[in-house]
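J.: If you scroll down you'll find the structure; I have some questions about it.
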Amino acid sequence: RIKKETSLLKYKRIILCDNFAIKNSFTSQKTQEYLKDLINRLSFFKNAMLIIPIFSKKIQDKQNFTSHIKHSSMLLKHAMKKNVKISFEIFNKDKMIRKFCLKLSKIKNFGITYDTGNAYLFNKNFYNELNFLKKFVNHIHLKDRDKLGRNVELGKGEINFKKFFKELNFKKKYKGTI
């Protein structure tokens, strides 16, 4: 439980990745209420960020995509009032992630979590997509994968982290968290 009295209040930044939306329909009233309550609880912290994973199969067709955009927009607006940043971790091809970003980019506290391991699963040469997406990235999950797509120890897999950070323009422009 997250309470105002908790000793975590001393930390400058709290990042919570909550998987409730993976096991439950993101657009259901139950999930939306859960996430709003979580945002309310996170608002006690100074620099809170909530990472919400969204699986690709749930946003493939036009009706589901539109519904996800609508619910994402409502959550972002609620979070903005509570001074909580939202970061969506979208498991999908870059074309769908681009579309998602373009629809929500006008909302101030919108951002995406970029997971290197998951990006590798969809596109072995995912580095090129960063040119467009880097302006939306506010959090990075560093993960390495082997040729079969299994998670492995950082640096022991197929992901070229040097190239990744170069494409992200990490040294000069990236201000998010890892």
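By order in the structure tokens, chains are A, B, ...; within a chain, residues start at 1; ligands start at 1, following the order shown.
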Each residue of region 59-146 of chain A with at least one atom at most 9 Å from region 171-175 of chain A should appear once, together with its nearest atom pair and the corresponding distance in Å (one decimal); atoms considered: only C-alpha atoms; ordering: chain, then increasing residue number; output as a Markdown table.
T.:
```
| residue | atom | partner | partner_atom | distance |
| --- | --- | --- | --- | --- |
| A:Lys134 | CA | A:Tyr174 | CA | 8.2 |
| A:Lys135 | CA | A:Tyr174 | CA | 8.7 |
| A:Val137 | CA | A:Tyr174 | CA | 8.4 |
| A:Asn138 | CA | A:Lys175 | CA | 7.4 |
| A:His139 | CA | A:Lys175 | CA | 9.0 |
```
J.: Go ahead and write the selection's residues with N, CA, C and O atoms as a PDB file, in the first residue's frame.
T.:
```pdb
ATOM      1  N   LYS A 134      12.230   9.123 -30.180  1.00  0.00           N
ATOM      2  CA  LYS A 134      13.021   9.655 -29.065  1.00  0.00           C
ATOM      3  C   LYS A 134      12.415  10.902 -28.428  1.00  0.00           C
ATOM      4  O   LYS A 134      12.599  11.143 -27.243  1.00  0.00           O
ATOM      5  N   LYS A 135      11.652  11.680 -29.170  1.00  0.00           N
ATOM      6  CA  LYS A 135      11.043  12.877 -28.583  1.00  0.00           C
ATOM      7  C   LYS A 135       9.912  12.537 -27.603  1.00  0.00           C
ATOM      8  O   LYS A 135       9.506  13.376 -26.818  1.00  0.00           O
ATOM      9  N   VAL A 137      10.098   9.522 -25.663  1.00  0.00           N
ATOM     10  CA  VAL A 137      10.639   8.621 -24.642  1.00  0.00           C
ATOM     11  C   VAL A 137      10.934   9.393 -23.359  1.00  0.00           C
ATOM     12  O   VAL A 137      11.699  10.348 -23.357  1.00  0.00           O
ATOM     13  N   ASN A 138      10.294   8.963 -22.254  1.00  0.00           N
ATOM     14  CA  ASN A 138      10.587   9.576 -20.955  1.00  0.00           C
ATOM     15  C   ASN A 138      11.113   8.547 -19.955  1.00  0.00           C
ATOM     16  O   ASN A 138      11.424   8.873 -18.817  1.00  0.00           O
ATOM     17  N   HIS A 139      11.192   7.291 -20.382  1.00  0.00           N
ATOM     18  CA  HIS A 139      11.759   6.246 -19.529  1.00  0.00           C
ATOM     19  C   HIS A 139      12.266   5.124 -20.431  1.00  0.00           C
ATOM     20  O   HIS A 139      11.688   4.840 -21.476  1.00  0.00           O
TER      21      HIS A 139
END
```
J.: Considering only C-alpha atoms, can you say which of A:Lys81, A:Lys23, A:Lys162, A:Lys106 comes closest to Ser43 (chain A)?
T.: A:Lys81
J.: DSSP on the backbone: what in region 18-170 of chain A comes out strand (DSSP E or B), as an MDAnalysis selection string?
T.: chainID A and resid 48:55 85:91 112:115 137:141 144:145 151:152
J.: Go ahead and write the residues just picked, N, CA and C atoms, as an mmCIF file, in the first residue's frame.
T.:
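Everything below was put into part-v2.cif:
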```cif
data_model
loop_
_atom_site.group_PDB
_atom_site.id
_atom_site.type_symbol
_atom_site.label_atom_id
_atom_site.label_comp_id
_atom_site.auth_asym_id
_atom_site.auth_seq_id
_atom_site.Cartn_x
_atom_site.Cartn_y
_atom_site.Cartn_z
ATOM 1 N N ALA A 48 6.544 11.662 -9.330
ATOM 2 C CA ALA A 48 6.080 10.297 -9.567
ATOM 3 C C ALA A 48 5.799 10.057 -11.042
ATOM 4 N N MET A 49 6.105 8.830 -11.454
ATOM 5 C CA MET A 49 5.793 8.394 -12.812
ATOM 6 C C MET A 49 5.162 7.010 -12.729
ATOM 7 N N LEU A 50 4.088 6.839 -13.487
ATOM 8 C CA LEU A 50 3.424 5.548 -13.584
ATOM 9 C C LEU A 50 3.639 5.002 -14.991
ATOM 10 N N ILE A 51 4.213 3.810 -15.071
ATOM 11 C CA ILE A 51 4.411 3.146 -16.352
ATOM 12 C C ILE A 51 3.282 2.136 -16.525
ATOM 13 N N ILE A 52 2.579 2.259 -17.651
ATOM 14 C CA ILE A 52 1.444 1.379 -17.940
ATOM 15 C C ILE A 52 1.749 0.588 -19.213
ATOM 16 N N PRO A 53 1.972 -0.723 -19.081
ATOM 17 C CA PRO A 53 2.201 -1.549 -20.276
ATOM 18 C C PRO A 53 0.903 -1.818 -21.025
ATOM 19 N N ILE A 54 0.979 -1.764 -22.353
ATOM 20 C CA ILE A 54 -0.171 -2.078 -23.214
ATOM 21 C C ILE A 54 0.302 -3.082 -24.264
ATOM 22 N N PHE A 55 -0.377 -4.229 -24.347
ATOM 23 C CA PHE A 55 0.000 -5.263 -25.311
ATOM 24 C C PHE A 55 -0.587 -4.990 -26.681
ATOM 25 N N LYS A 85 3.428 11.890 -13.828
ATOM 26 C CA LYS A 85 3.732 11.606 -15.229
ATOM 27 C C LYS A 85 3.289 10.187 -15.570
ATOM 28 N N ILE A 86 2.866 10.029 -16.805
ATOM 29 C CA ILE A 86 2.459 8.722 -17.305
ATOM 30 C C ILE A 86 3.404 8.337 -18.437
ATOM 31 N N SER A 87 3.763 7.076 -18.459
ATOM 32 C CA SER A 87 4.587 6.547 -19.532
ATOM 33 C C SER A 87 3.973 5.216 -19.973
ATOM 34 N N PHE A 88 3.613 5.142 -21.236
ATOM 35 C CA PHE A 88 3.029 3.917 -21.768
ATOM 36 C C PHE A 88 4.126 3.064 -22.380
ATOM 37 N N GLU A 89 4.155 1.809 -21.987
ATOM 38 C CA GLU A 89 5.089 0.856 -22.586
ATOM 39 C C GLU A 89 4.269 0.007 -23.545
ATOM 40 N N ILE A 90 4.455 0.241 -24.832
ATOM 41 C CA ILE A 90 3.614 -0.381 -25.847
ATOM 42 C C ILE A 90 4.382 -1.501 -26.528
ATOM 43 N N PHE A 91 3.844 -2.695 -26.457
ATOM 44 C CA PHE A 91 4.454 -3.858 -27.085
ATOM 45 C C PHE A 91 3.876 -3.981 -28.486
ATOM 46 N N ILE A 112 6.470 7.741 -23.469
ATOM 47 C CA ILE A 112 6.515 6.295 -23.628
ATOM 48 C C ILE A 112 7.759 5.740 -22.948
ATOM 49 N N THR A 113 7.616 4.516 -22.489
ATOM 50 C CA THR A 113 8.746 3.757 -21.977
ATOM 51 C C THR A 113 9.264 2.933 -23.139
ATOM 52 N N TYR A 114 10.532 3.065 -23.415
ATOM 53 C CA TYR A 114 11.137 2.318 -24.507
ATOM 54 C C TYR A 114 11.891 1.139 -23.914
ATOM 55 N N ASP A 115 11.480 -0.057 -24.264
ATOM 56 C CA ASP A 115 12.095 -1.280 -23.768
ATOM 57 C C ASP A 115 12.935 -1.876 -24.889
ATOM 58 N N VAL A 137 10.098 9.522 -25.663
ATOM 59 C CA VAL A 137 10.639 8.621 -24.642
ATOM 60 C C VAL A 137 10.934 9.393 -23.359
ATOM 61 N N ASN A 138 10.294 8.963 -22.254
ATOM 62 C CA ASN A 138 10.587 9.576 -20.955
ATOM 63 C C ASN A 138 11.113 8.547 -19.955
ATOM 64 N N HIS A 139 11.192 7.291 -20.382
ATOM 65 C CA HIS A 139 11.759 6.246 -19.529
ATOM 66 C C HIS A 139 12.266 5.124 -20.431
ATOM 67 N N ILE A 140 13.352 4.486 -20.009
ATOM 68 C CA ILE A 140 13.946 3.392 -20.768
ATOM 69 C C ILE A 140 14.059 2.164 -19.870
ATOM 70 N N HIS A 141 13.610 1.029 -20.394
ATOM 71 C CA HIS A 141 13.882 -0.259 -19.768
ATOM 72 C C HIS A 141 15.016 -0.885 -20.566
ATOM 73 N N ASP A 144 18.425 -6.971 -22.510
ATOM 74 C CA ASP A 144 19.161 -7.599 -23.598
ATOM 75 C C ASP A 144 18.485 -8.927 -23.937
ATOM 76 N N ARG A 145 18.578 -9.315 -25.200
ATOM 77 C CA ARG A 145 17.978 -10.570 -25.666
ATOM 78 C C ARG A 145 18.982 -11.330 -26.524
ATOM 79 N N ASN A 151 15.486 -13.314 -22.672
ATOM 80 C CA ASN A 151 16.194 -12.331 -21.854
ATOM 81 C C ASN A 151 17.526 -12.913 -21.404
ATOM 82 N N VAL A 152 18.564 -12.098 -21.527
ATOM 83 C CA VAL A 152 19.897 -12.507 -21.069
ATOM 84 C C VAL A 152 20.529 -11.355 -20.308
#
```
J.: State, in Å with one decimal place, the distance from CA of Lys77 (chain A) to CA of Asp37 (chain A).
T.: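 One can read the CA of Lys77 (chain A) to CA of Asp37 (chain A) distance as 13.8 Å.
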